[in-house]
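Colleague: Next comes run06.cif, mmCIF, C-alpha atoms and all ligand atoms:
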data_query
#
loop_
_atom_site.label_atom_id
_atom_site.label_comp_id
_atom_site.auth_asym_id
_atom_site.auth_seq_id
_atom_site.Cartn_x
_atom_site.Cartn_y
_atom_site.Cartn_z
CA MET W 1 -93.32 127.07 -132.21
CA ARG W 2 -90.45 124.73 -131.25
CA ASP W 3 -87.87 125.44 -128.52
CA ASP W 4 -84.82 123.41 -129.49
CA ALA W 5 -83.01 123.93 -126.18
CA ALA W 6 -85.93 122.64 -124.12
CA LYS W 7 -86.87 120.18 -126.90
CA VAL W 8 -90.56 121.01 -126.75
CA TRP W 9 -93.20 122.44 -129.01
CA MET W 10 -95.54 125.11 -127.71
CA VAL W 11 -99.15 125.66 -128.79
CA SER W 12 -101.23 128.54 -127.48
CA ARG W 13 -104.41 128.87 -129.59
CA PHE W 14 -107.51 127.68 -127.75
CA LYS W 15 -108.51 125.21 -130.44
CA ASP W 16 -105.03 123.65 -130.62
CA VAL W 17 -104.67 123.42 -126.85
CA ARG W 18 -108.12 121.94 -126.37
CA GLY W 19 -107.64 119.55 -129.27
CA LEU W 20 -104.45 118.16 -127.73
CA ILE W 21 -105.48 117.94 -124.08
CA ASN W 22 -108.75 116.22 -125.03
CA ASP W 23 -107.11 113.71 -127.39
CA PRO W 24 -107.17 110.31 -125.61
CA ALA W 25 -104.28 109.00 -127.74
CA MET W 26 -101.80 111.54 -126.30
CA LEU W 27 -99.38 110.48 -123.57
CA ARG W 28 -98.50 112.15 -120.28
CA SER W 29 -95.75 110.04 -118.79
CA PRO W 30 -92.43 111.91 -119.03
CA HIS W 31 -90.82 108.55 -119.83
CA ALA W 32 -92.60 108.66 -123.19
CA ALA W 33 -90.93 112.00 -123.96
CA GLU W 34 -87.78 112.29 -126.04
CA GLU W 35 -84.42 112.02 -124.28
CA GLY W 36 -83.10 115.45 -123.28
CA SER W 37 -86.48 117.20 -123.35
CA ILE W 38 -87.32 119.42 -120.41
CA SER W 39 -90.20 117.10 -119.38
CA ARG W 40 -87.84 114.15 -119.25
CA ARG W 41 -85.17 116.08 -117.34
CA PHE W 42 -87.66 117.43 -114.81
CA ALA W 43 -89.03 113.92 -114.20
CA GLN W 44 -85.50 112.59 -113.68
CA MET W 45 -84.95 115.27 -111.00
CA ASN W 46 -87.99 114.09 -109.05
CA ASP W 47 -88.15 110.36 -109.78
CA GLY W 48 -87.75 107.98 -106.91
CA ASP W 49 -88.16 104.24 -107.37
CA GLY W 50 -91.81 104.23 -106.43
CA PRO W 51 -95.05 104.86 -108.33
CA GLN W 52 -95.99 108.14 -109.98
CA SER W 53 -98.74 110.65 -109.42
CA ILE W 54 -101.66 110.08 -111.81
CA LEU W 55 -100.67 113.34 -113.47
CA PHE W 56 -97.68 111.50 -114.96
CA MET W 57 -99.34 108.15 -115.70
CA ASP W 58 -100.86 106.74 -118.86
CA ASP W 59 -103.61 104.18 -119.35
CA PRO W 60 -104.37 101.52 -118.32
CA ASP W 61 -102.67 102.32 -114.97
CA HIS W 62 -103.81 105.94 -115.08
CA ALA W 63 -107.50 105.02 -115.32
CA ARG W 64 -107.14 102.24 -112.75
CA VAL W 65 -105.75 104.59 -110.08
CA ARG W 66 -107.53 107.81 -111.08
CA LYS W 67 -111.11 106.50 -111.20
CA PRO W 68 -111.52 105.42 -107.56
CA LEU W 69 -109.48 108.36 -106.24
CA ALA W 70 -111.46 110.92 -108.25
CA LYS W 71 -114.75 109.27 -107.23
CA ALA W 72 -113.82 109.45 -103.54
CA LEU W 73 -112.63 113.06 -103.81
CA TYR W 74 -115.79 114.19 -105.67
CA LYS W 75 -117.97 112.42 -103.09
CA ARG W 76 -116.16 113.95 -100.11
CA THR W 77 -116.09 117.41 -101.71
CA GLN W 78 -119.88 117.31 -102.00
CA SER W 79 -120.68 115.64 -98.68
CA MET W 80 -118.28 117.91 -96.73
CA LYS W 81 -119.23 121.18 -98.46
CA THR W 82 -120.81 122.70 -95.36
CA GLU W 83 -117.86 121.69 -93.16
CA ILE W 84 -115.40 123.10 -95.73
CA GLU W 85 -117.28 126.40 -95.77
CA GLY W 86 -117.29 126.42 -91.95
CA LEU W 87 -113.49 125.95 -91.87
CA ILE W 88 -113.04 128.85 -94.29
CA ASP W 89 -115.32 131.06 -92.20
CA THR W 90 -113.24 130.28 -89.11
CA VAL W 91 -110.01 131.28 -90.88
CA ILE W 92 -111.49 134.59 -92.08
CA ASP W 93 -113.16 135.29 -88.72
CA ALA W 94 -109.70 135.06 -87.14
CA CYS W 95 -108.38 137.88 -89.39
CA PRO W 96 -108.32 141.43 -87.97
CA ALA W 97 -111.71 143.21 -87.99
CA ASP W 98 -110.01 146.31 -89.36
CA GLY W 99 -106.54 147.48 -90.34
CA ILE W 100 -104.00 145.84 -92.62
CA PHE W 101 -103.13 142.16 -93.03
CA ASP W 102 -101.51 139.88 -95.61
CA LEU W 103 -104.27 137.93 -97.33
CA MET W 104 -101.77 135.34 -98.61
CA LYS W 105 -100.35 134.52 -95.18
CA ASP W 106 -103.61 134.69 -93.23
CA VAL W 107 -106.12 133.25 -95.74
CA ALA W 108 -104.91 132.05 -99.15
CA ILE W 109 -102.09 129.81 -97.84
CA PRO W 110 -103.80 128.23 -94.79
CA VAL W 111 -107.23 127.57 -96.35
CA PRO W 112 -106.32 124.84 -98.92
CA VAL W 113 -104.08 122.94 -96.46
CA LEU W 114 -106.71 123.01 -93.73
CA VAL W 115 -109.46 121.88 -96.12
CA ILE W 116 -107.52 118.99 -97.69
CA ALA W 117 -106.34 117.86 -94.23
CA HIS W 118 -109.97 117.69 -93.14
CA ILE W 119 -111.08 115.79 -96.26
CA LEU W 120 -108.24 113.29 -95.93
CA GLY W 121 -108.81 112.77 -92.21
CA VAL W 122 -105.56 114.18 -90.80
CA ASP W 123 -105.61 114.29 -86.98
CA GLU W 124 -106.03 117.78 -85.59
CA SER W 125 -103.04 117.23 -83.30
CA ARG W 126 -100.81 116.68 -86.36
CA LEU W 127 -102.00 119.70 -88.36
CA ASP W 128 -98.84 121.75 -87.77
CA ASP W 129 -96.61 118.85 -88.85
CA PHE W 130 -98.86 118.24 -91.84
CA ARG W 131 -98.53 121.87 -92.90
CA GLU W 132 -94.77 121.72 -92.66
CA TRP W 133 -94.46 118.42 -94.60
CA SER W 134 -96.86 119.65 -97.30
CA GLU W 135 -94.83 122.81 -97.80
CA ALA W 136 -91.63 120.78 -98.11
CA ALA W 137 -93.20 118.25 -100.50
CA ILE W 138 -94.45 121.06 -102.73
CA LEU W 139 -90.81 122.02 -103.42
CA SER W 140 -90.91 119.18 -105.99
CA LEU W 141 -92.69 121.67 -108.27
CA ASN W 142 -89.64 123.93 -108.25
CA PRO W 143 -87.16 122.90 -110.96
CA VAL W 144 -84.62 125.49 -109.79
CA ARG W 145 -84.56 124.57 -106.11
CA THR W 146 -81.30 124.67 -104.11
CA PRO W 147 -79.65 121.50 -102.74
CA ASP W 148 -80.91 122.48 -99.27
CA GLN W 149 -84.45 122.72 -100.60
CA THR W 150 -84.08 119.32 -102.26
CA ALA W 151 -83.06 117.82 -98.91
CA GLN W 152 -86.01 119.56 -97.23
CA MET W 153 -88.35 118.23 -99.97
CA GLU W 154 -87.13 114.66 -99.56
CA ALA W 155 -87.49 114.80 -95.78
CA GLY W 156 -91.00 116.29 -96.06
CA ASN W 157 -92.05 113.65 -98.59
CA GLN W 158 -90.79 110.83 -96.42
CA ALA W 159 -92.54 112.17 -93.33
CA LEU W 160 -95.78 112.66 -95.25
CA LEU W 161 -95.76 109.15 -96.73
CA GLN W 162 -94.93 107.66 -93.34
CA TYR W 163 -97.80 109.53 -91.69
CA PHE W 164 -100.27 108.58 -94.45
CA SER W 165 -99.18 104.97 -94.14
CA GLU W 166 -99.88 104.97 -90.37
CA LEU W 167 -103.19 106.71 -90.90
CA LEU W 168 -104.20 104.16 -93.54
CA GLU W 169 -103.49 101.32 -91.08
CA ARG W 170 -105.55 103.02 -88.38
CA ARG W 171 -108.47 103.62 -90.75
CA ARG W 172 -108.40 99.98 -91.86
CA ARG W 173 -109.04 99.05 -88.24
CA ASN W 174 -111.40 101.94 -87.43
CA PRO W 175 -112.93 103.60 -90.50
CA ARG W 176 -114.15 107.19 -90.17
CA GLU W 177 -115.92 109.68 -92.43
CA ASP W 178 -112.88 110.68 -94.49
CA LEU W 179 -111.15 110.06 -97.80
CA ILE W 180 -108.43 107.80 -96.40
CA SER W 181 -111.14 105.51 -94.99
CA ASP W 182 -112.88 105.53 -98.41
CA MET W 183 -109.67 104.40 -100.09
CA ALA W 184 -108.97 101.76 -97.42
CA SER W 185 -112.45 100.37 -97.99
CA TYR W 186 -111.91 100.45 -101.79
CA GLN W 187 -108.77 98.33 -101.39
CA ALA W 188 -110.48 95.97 -98.93
CA SER W 189 -113.31 95.35 -101.39
CA GLY W 190 -110.79 94.07 -103.97
CA GLY W 191 -109.99 97.40 -105.68
CA GLU W 192 -106.73 97.10 -107.56
CA MET W 193 -104.43 99.74 -106.06
CA SER W 194 -101.20 99.11 -104.16
CA ASP W 195 -100.44 100.95 -100.93
CA ALA W 196 -97.52 102.70 -102.63
CA GLU W 197 -99.77 103.95 -105.47
CA LEU W 198 -102.33 105.15 -102.98
CA LEU W 199 -99.84 106.93 -100.70
CA THR W 200 -98.11 108.71 -103.58
CA ASN W 201 -101.41 109.89 -104.94
CA LEU W 202 -102.66 111.09 -101.57
CA ALA W 203 -99.51 113.22 -101.43
CA SER W 204 -100.18 114.42 -104.98
CA LEU W 205 -103.51 115.86 -103.85
CA LEU W 206 -101.52 118.25 -101.69
CA ILE W 207 -98.86 118.94 -104.26
CA GLY W 208 -101.38 119.55 -107.06
CA GLY W 209 -104.00 121.28 -105.01
CA ASN W 210 -102.45 123.55 -102.41
CA PHE W 211 -100.38 126.07 -104.35
CA THR W 212 -102.92 126.27 -107.12
CA THR W 213 -105.87 127.02 -104.85
CA THR W 214 -103.78 129.49 -102.85
CA ASP W 215 -103.01 131.29 -106.12
CA LEU W 216 -106.64 131.22 -107.24
CA ILE W 217 -107.63 132.98 -104.00
CA GLY W 218 -104.74 135.48 -104.13
CA ASN W 219 -105.11 136.29 -107.84
CA GLY W 220 -108.87 136.60 -107.41
CA VAL W 221 -108.81 139.09 -104.55
CA TRP W 222 -106.07 141.09 -106.29
CA LEU W 223 -108.06 141.20 -109.55
CA LEU W 224 -111.21 142.38 -107.79
CA LEU W 225 -109.35 145.05 -105.84
CA THR W 226 -107.69 146.36 -108.98
CA HIS W 227 -111.00 146.34 -110.92
CA PRO W 228 -113.30 148.28 -108.57
CA ASP W 229 -116.22 148.23 -111.04
CA GLU W 230 -116.17 144.44 -111.02
CA LEU W 231 -115.96 144.39 -107.22
CA ARG W 232 -118.96 146.73 -107.04
CA LYS W 233 -120.94 144.45 -109.37
CA LEU W 234 -120.14 141.48 -107.16
CA ARG W 235 -121.15 143.30 -103.97
CA ALA W 236 -124.42 144.29 -105.61
CA ASP W 237 -125.25 140.82 -106.93
CA ARG W 238 -123.85 137.82 -105.07
CA SER W 239 -125.19 135.42 -107.69
CA LEU W 240 -122.14 136.59 -109.66
CA THR W 241 -119.73 134.82 -107.26
CA GLY W 242 -119.58 131.61 -109.35
CA PRO W 243 -119.05 133.47 -112.66
CA ALA W 244 -116.48 135.74 -110.94
CA VAL W 245 -114.44 132.71 -109.84
CA ASP W 246 -114.50 131.33 -113.39
CA GLU W 247 -113.43 134.67 -114.84
CA ILE W 248 -110.55 134.78 -112.32
CA LEU W 249 -109.60 131.23 -113.36
CA ARG W 250 -109.64 132.29 -117.03
CA PHE W 251 -107.93 135.65 -116.65
CA GLU W 252 -105.10 134.73 -114.25
CA SER W 253 -104.91 130.94 -114.42
CA PRO W 254 -102.82 129.58 -111.52
CA VAL W 255 -101.26 126.96 -113.84
CA ALA W 256 -99.61 128.36 -116.96
CA SER W 257 -99.35 125.21 -119.05
CA THR W 258 -99.73 121.46 -119.24
CA SER W 259 -98.21 119.07 -121.75
CA ARG W 260 -98.85 116.06 -123.95
CA THR W 261 -96.43 113.74 -125.74
CA LEU W 262 -97.06 112.29 -129.20
CA PRO W 263 -97.51 108.51 -129.40
CA ALA W 264 -96.73 108.59 -133.17
CA ASP W 265 -95.78 111.06 -135.90
CA HIS W 266 -98.67 113.44 -136.20
CA GLU W 267 -99.59 116.88 -137.49
CA VAL W 268 -100.49 119.31 -134.70
CA ALA W 269 -101.65 122.90 -135.33
CA GLY W 270 -100.49 122.56 -138.92
CA CYS W 271 -96.94 121.44 -137.94
CA PRO W 272 -95.57 117.98 -138.64
CA MET W 273 -94.38 116.54 -135.31
CA LYS W 274 -92.57 113.32 -134.45
CA GLN W 275 -93.32 110.47 -132.10
CA SER W 276 -92.09 111.17 -128.51
CA GLN W 277 -91.99 114.91 -129.03
CA THR W 278 -93.64 116.85 -126.25
CA VAL W 279 -96.01 119.74 -126.79
CA PHE W 280 -96.47 122.37 -124.09
CA CYS W 281 -100.05 123.62 -124.15
CA SER W 282 -100.22 127.22 -122.94
CA LEU W 283 -103.32 127.49 -120.78
CA HIS W 284 -102.63 131.21 -120.38
CA GLY W 285 -102.52 131.69 -124.15
CA ALA W 286 -105.64 129.61 -124.80
CA ASN W 287 -107.62 131.41 -122.09
CA ARG W 288 -106.85 134.80 -123.66
CA ASP W 289 -107.49 133.69 -127.26
CA PRO W 290 -109.52 136.53 -128.85
CA GLU W 291 -111.06 134.06 -131.32
CA VAL W 292 -112.90 132.51 -128.38
CA PHE W 293 -113.17 135.21 -125.70
CA ALA W 294 -114.33 138.62 -126.89
CA GLN W 295 -112.08 141.39 -125.51
CA SER W 296 -110.04 138.61 -124.00
CA ASP W 297 -107.69 140.96 -122.09
CA ARG W 298 -110.59 142.48 -120.21
CA PHE W 299 -111.45 141.15 -116.74
CA ASP W 300 -115.25 140.98 -116.80
CA ILE W 301 -117.20 138.91 -114.28
CA THR W 302 -120.38 139.24 -116.32
CA ARG W 303 -118.91 137.90 -119.56
CA ALA W 304 -120.96 135.24 -121.35
CA LYS W 305 -120.19 131.78 -119.98
CA LYS W 306 -117.65 129.89 -122.05
CA ALA W 307 -115.46 126.96 -121.04
CA HIS W 308 -111.82 127.83 -120.27
CA VAL W 309 -108.94 125.33 -120.07
CA THR W 310 -107.56 126.26 -116.65
CA PHE W 311 -108.13 122.75 -115.30
CA GLY W 312 -106.70 121.03 -118.39
CA GLY W 313 -108.92 118.43 -120.01
CA GLY W 314 -109.59 114.94 -121.31
CA GLN W 315 -108.37 112.01 -119.22
CA HIS W 316 -106.21 114.27 -117.03
CA LEU W 317 -108.83 116.92 -116.28
CA CYS W 318 -108.09 118.21 -112.78
CA ILE W 319 -109.91 116.14 -110.15
CA GLY W 320 -109.75 119.00 -107.63
CA ALA W 321 -111.64 121.53 -109.77
CA PRO W 322 -114.96 121.31 -107.85
CA LEU W 323 -113.10 121.68 -104.55
CA ALA W 324 -111.04 124.66 -105.74
CA ARG W 325 -114.22 126.39 -106.93
CA ILE W 326 -116.01 125.80 -103.60
CA GLU W 327 -113.04 127.21 -101.67
CA ALA W 328 -112.61 130.30 -103.83
CA ARG W 329 -116.34 131.09 -103.84
CA ARG W 330 -116.59 130.83 -100.08
CA VAL W 331 -113.52 132.99 -99.49
CA LEU W 332 -114.97 135.75 -101.68
CA GLU W 333 -118.42 135.48 -100.11
CA LYS W 334 -117.06 135.53 -96.58
CA LEU W 335 -114.67 138.43 -97.21
CA LEU W 336 -117.53 140.51 -98.62
CA ASP W 337 -119.80 139.54 -95.72
CA ARG W 338 -117.20 140.36 -93.09
CA TYR W 339 -115.83 143.62 -94.47
CA ASP W 340 -117.67 146.70 -95.78
CA THR W 341 -114.51 147.94 -97.43
CA ILE W 342 -111.47 146.09 -98.70
CA GLU W 343 -108.65 147.82 -100.55
CA LEU W 344 -105.11 147.15 -101.63
CA ALA W 345 -102.55 148.29 -99.07
CA GLN W 346 -99.43 147.93 -101.20
CA ASP W 347 -98.27 149.67 -104.35
CA GLU W 348 -96.50 146.86 -106.11
CA ILE W 349 -97.28 143.21 -106.46
CA VAL W 350 -94.47 140.66 -106.49
CA TRP W 351 -95.27 137.54 -108.53
CA ARG W 352 -93.81 134.27 -107.26
CA GLN W 353 -90.81 133.09 -109.32
CA LEU W 354 -91.91 129.54 -110.04
CA PRO W 355 -92.03 128.25 -113.62
CA PHE W 356 -95.47 127.03 -114.80
CA PHE W 357 -97.36 128.77 -111.96
CA ARG W 358 -98.90 132.19 -111.54
CA GLY W 359 -99.30 133.47 -108.01
CA ILE W 360 -98.64 136.41 -105.73
CA GLU W 361 -96.07 136.36 -102.90
CA GLU W 362 -97.79 138.80 -100.57
CA LEU W 363 -101.08 140.69 -100.73
CA LYS W 364 -101.49 143.36 -98.07
CA ILE W 365 -105.10 144.49 -97.80
CA ARG W 366 -106.74 147.23 -95.72
CA VAL W 367 -110.15 146.25 -94.35
CA SER W 368 -112.88 147.81 -92.25
C1 LIG X 401 -107.30 126.51 -108.92
C2 LIG X 401 -106.87 125.35 -108.53
C3 LIG X 401 -106.33 124.29 -109.46
C4 LIG X 401 -105.85 124.42 -110.75
C5 LIG X 401 -105.73 125.68 -111.60
C6 LIG X 401 -105.48 123.08 -111.19
C7 LIG X 401 -104.98 122.78 -112.44
C8 LIG X 401 -104.70 121.52 -112.90
C9 LIG X 401 -104.20 121.21 -114.21
C10 LIG X 401 -103.91 122.21 -115.32
C11 LIG X 401 -104.03 119.86 -114.27
C12 LIG X 401 -103.49 119.07 -115.47
C13 LIG X 401 -104.64 118.71 -116.40
C14 LIG X 401 -104.22 118.24 -117.78
O1 LIG X 401 -103.03 118.02 -118.03
O2 LIG X 401 -105.12 118.07 -118.62
C15 LIG X 401 -104.43 119.32 -112.99
C16 LIG X 401 -104.40 117.99 -112.66
C17 LIG X 401 -104.61 117.51 -111.39
N1 LIG X 401 -105.05 118.23 -110.30
FE1 LIG X 401 -105.48 120.18 -110.25
N2 LIG X 401 -105.71 122.21 -110.16
C18 LIG X 401 -106.24 122.90 -109.10
C19 LIG X 401 -106.65 122.39 -107.89
C20 LIG X 401 -106.53 121.06 -107.51
C21 LIG X 401 -106.93 120.52 -106.23
C22 LIG X 401 -107.62 121.31 -105.12
C23 LIG X 401 -106.57 119.20 -106.24
C24 LIG X 401 -106.76 118.14 -105.19
C25 LIG X 401 -107.27 118.32 -104.01
C26 LIG X 401 -105.97 118.91 -107.54
C27 LIG X 401 -105.49 117.69 -107.93
C28 LIG X 401 -105.10 117.38 -109.22
C29 LIG X 401 -104.70 116.03 -109.63
C30 LIG X 401 -104.61 114.80 -108.75
C31 LIG X 401 -104.41 116.12 -111.01
C32 LIG X 401 -103.96 114.99 -111.92
C33 LIG X 401 -105.18 114.44 -112.69
C34 LIG X 401 -104.79 113.42 -113.76
O3 LIG X 401 -103.72 113.54 -114.34
O4 LIG X 401 -105.59 112.50 -113.99
N3 LIG X 401 -105.97 120.07 -108.27
N4 LIG X 401 -104.83 120.34 -112.16
#
How would this structure read if it were set down as structure tokens?
Ligand code: HEM
Modeller:
Amino acid sequence: MRDDAAKVWMVSRFKDVRGLINDPAMLRSPHAAEEGSISRRFAQMNDGDGPQSILFMDDPDHARVRKPLAKALYKRTQSMKTEIEGLIDTVIDACPADGIFDLMKDVAIPVPVLVIAHILGVDESRLDDFREWSEAAILSLNPVRTPDQTAQMEAGNQALLQYFSELLERRRRNPREDLISDMASYQASGGEMSDAELLTNLASLLIGGNFTTTDLIGNGVWLLLTHPDELRKLRADRSLTGPAVDEILRFESPVASTSRTLPADHEVAGCPMKQSQTVFCSLHGANRDPEVFAQSDRFDITRAKKAHVTFGGGQHLCIGAPLARIEARRVLEKLLDRYDTIELAQDEIVWRQLPFFRGIEELKIRVS
């Protein structure tokens, strides 16, 4: 299907989506997209003069920046797993022992910020500032933000980059066990990455990772509370926590779509398409494709394991996927350990109005 106003194609079958996102010839930079397309316009709204997040880069620069960053993030995610789980436990232990609270405000929003701050090496004394800057920087994901929000976003971005730049200097002098020290040491050993590329991509870990993981946690708890049989299965067999997280990721994917741009005229999903045309790949559509997932509209934590496309694929496969899975698993485990009963304490759910994302505004739960 082609949307002539947005100047994009849309594919939604699993095989078409996977074929495109895994194709190494496809481009991601919005500058490769045709003039007037929504991808190009959105990029123009956000573009400063500096470097881009790896999400919007193409090779060879994409591989040059992504490889060391992804390696450092994977290494820290593994080596800090116990500390990450400890942080999550502390957040949930601070929630009321019984009564009603908002899971989004008290758990799903704070957890990803706290965890990424710890991995990066943010000083504890600056955590509140860091939270505020991250929230402002994330406004870049909102294509319909107000002028006030744009000003807030720019100020948050500036403050974040300034702080990361100071932290990088300090870690060059005194390395610690954190991701910023890893990247400083990569640069010192001759790794080809400018400070500006590094700082932008440190900020993109927050922008790409915070909302999405918040939504994974919120959507997951909501799905389990609205499917009591599935919740019962999980309580009875905790080895289902990993499969439950993957079924949540498939069923209510926090990111609705990704995109690829054609480097040359090419036939996609049986349609002739032109060079520079952009194709939106519906991750929601692909993950509910009945050709691939039997009874695809059924939320079933015991369904046979099959790869979904929630984290995209190919060269741009999400580098935060292992971290997001660790966080979501621990939140579910800890909630079930801490509370004998958890139920929804509101009648209607309000979904956040943000294009391309799927997440809940507020999730009041009653616990005991
Ligand atoms: C449930 C949580 C998450 C979801 C659903 C998600 C989803 C995605 C998707 C769909 C992409 C684009 C992939 C493509 O176009 O093929 C992506 C890329 C990316 N994600 Fe995530 N993400 C999540 C968590 C995270 C976290 C926790 C981080 C970092 C701490 C992160 C950092 C990134 C980065 C840096 C990219 C760009 C990779 C590249 O283009 O090479 N994400 N993510």
Colleague: What residues have any atom no more than 8 Å from ligand LIG 401 (chain X) when counting only C-alpha atoms and all ligand atoms, and can you list them as a PyMOL selection string?
Modeller: chain W and resi 21-22+28+53-57+62-63+66+70+73+112+116+201+204-216+249+253-260+283+309-325
Colleague: Neighbouring residues of W:Glu35 were defined as those with any atom within 12 Å, considering all atoms listed in the file; residues of the same chain fewer than 2 positions away were excluded. Please report them as a list in words.
Modeller: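 Skipping anything fewer than 2 positions along the chain leaves Ala6, Lys7, Val8, Pro30, His31, Ala32, Ala33, Ser37, Ile38, Ser39, Arg40, Arg41, Phe42, Ala43, Gln44, Gln275, Ser276, Gln277 and Thr278 of chain W.
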Colleague: Draw an axis-aligned box tight on the listed atoms of stretch 259-267 of chain W, then pad every side by 8 Å and write out centre and edge lengths in Å to one decimal as lines of an AutoDock Vina configuration file.
Modeller:
center_x = -97.7
center_y = 113.8
center_z = -129.6
size_x = 19.8
size_y = 26.6
size_z = 31.7
Colleague: Per residue of stretch 56-165 of chain W within 10 Å of stretch 348-360 of chain W, which atom pair is closest and at what distance in Å (one decimal), using only C-alpha atoms, listed by chain and increasing number, as CSV?
Modeller:
residue,atom,partner,partner_atom,distance
W:Met104,CA,W:Ile360,CA,7.9
W:Leu141,CA,W:Leu354,CA,8.1
W:Asn142,CA,W:Leu354,CA,6.3
W:Pro143,CA,W:Pro355,CA,7.7
W:Val144,CA,W:Leu354,CA,8.3
W:Arg145,CA,W:Leu354,CA,9.7
Colleague: Between atom CA of W:Phe130 and atom CA of W:Glu154, what is the distance, to one decimal in Å?
Modeller: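 A separation of 14.5 Å between them.
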Colleague: For atom CA of W:Asp123 and atom CA of W:Glu361, quote the distance in Å rounded to one decimal.
Modeller: 28.8 Å
Colleague: One decimal, in Å: what's the spacing between atom CA of W:Met10 and atom CA of W:Ala264?
Modeller: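 Straight-line distance from atom CA of W:Met10 to atom CA of W:Ala264 works out to 17.4 Å.
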Colleague: Within 12 Å of (-111.5, 129.7, -90.1), in the coordinates the file gives, what residues turn up when you count only C-alpha atoms, written out as a ChimeraX atom specification?
Modeller: /W:83-95,106-108,110-115,327,330-331,334-335
Colleague: List the neighbours of W:Leu167 out to 12 Å using all atoms listed in the file; skip same-chain residues closer than 4 positions along the sequence, and give me the result as a list in words.
Modeller: Leu120, Gly121, Val122, Asp123, Arg126, Leu160, Leu161, Gln162, Tyr163, Arg171, Arg172, Arg173, Asn174, Pro175, Arg176, Asp178, Leu179, Ile180, Ser181, Met183, Ala184, Asp195, Leu199 and Leu202 of chain W
Colleague: Will you give me stretch 236-251 of chain W, written with N, CA and C atoms and laid out as a short mmCIF file (atom, residue, chain, number, x, y, z; two decimals), in the first residue's frame?
Modeller:
data_model
loop_
_atom_site.label_atom_id
_atom_site.label_comp_id
_atom_site.auth_asym_id
_atom_site.auth_seq_id
_atom_site.Cartn_x
_atom_site.Cartn_y
_atom_site.Cartn_z
N ALA W 236 2.27 -20.14 38.46
CA ALA W 236 2.47 -21.56 38.74
C ALA W 236 3.82 -22.05 38.20
N ASP W 237 4.33 -21.42 37.17
CA ASP W 237 5.58 -21.90 36.57
C ASP W 237 6.43 -20.70 36.14
N ARG W 238 7.40 -20.36 37.01
CA ARG W 238 8.19 -19.15 36.75
C ARG W 238 9.15 -19.31 35.58
N SER W 239 9.35 -20.56 35.13
CA SER W 239 10.22 -20.71 33.95
C SER W 239 9.55 -20.12 32.71
N LEU W 240 8.26 -19.73 32.87
CA LEU W 240 7.57 -19.10 31.73
C LEU W 240 7.83 -17.60 31.65
N THR W 241 8.64 -17.04 32.57
CA THR W 241 8.83 -15.58 32.55
C THR W 241 9.45 -15.11 31.23
N GLY W 242 10.50 -15.80 30.78
CA GLY W 242 11.15 -15.41 29.51
C GLY W 242 10.16 -15.49 28.35
N PRO W 243 9.50 -16.65 28.14
CA PRO W 243 8.50 -16.73 27.07
C PRO W 243 7.38 -15.70 27.23
N ALA W 244 6.99 -15.39 28.47
CA ALA W 244 5.91 -14.39 28.66
C ALA W 244 6.38 -13.03 28.15
N VAL W 245 7.63 -12.67 28.45
CA VAL W 245 8.14 -11.37 27.98
C VAL W 245 8.14 -11.34 26.45
N ASP W 246 8.54 -12.43 25.83
CA ASP W 246 8.55 -12.44 24.36
C ASP W 246 7.15 -12.40 23.76
N GLU W 247 6.19 -13.02 24.45
CA GLU W 247 4.81 -12.94 23.95
C GLU W 247 4.26 -11.52 24.12
N ILE W 248 4.65 -10.85 25.21
CA ILE W 248 4.24 -9.45 25.40
C ILE W 248 4.85 -8.59 24.27
N LEU W 249 6.14 -8.84 23.99
CA LEU W 249 6.82 -8.08 22.93
C LEU W 249 6.13 -8.30 21.58
N ARG W 250 5.70 -9.54 21.33
CA ARG W 250 5.02 -9.83 20.05
C ARG W 250 3.63 -9.20 20.02
N PHE W 251 2.88 -9.38 21.11
CA PHE W 251 1.45 -9.06 21.10
C PHE W 251 1.18 -7.55 21.17
#
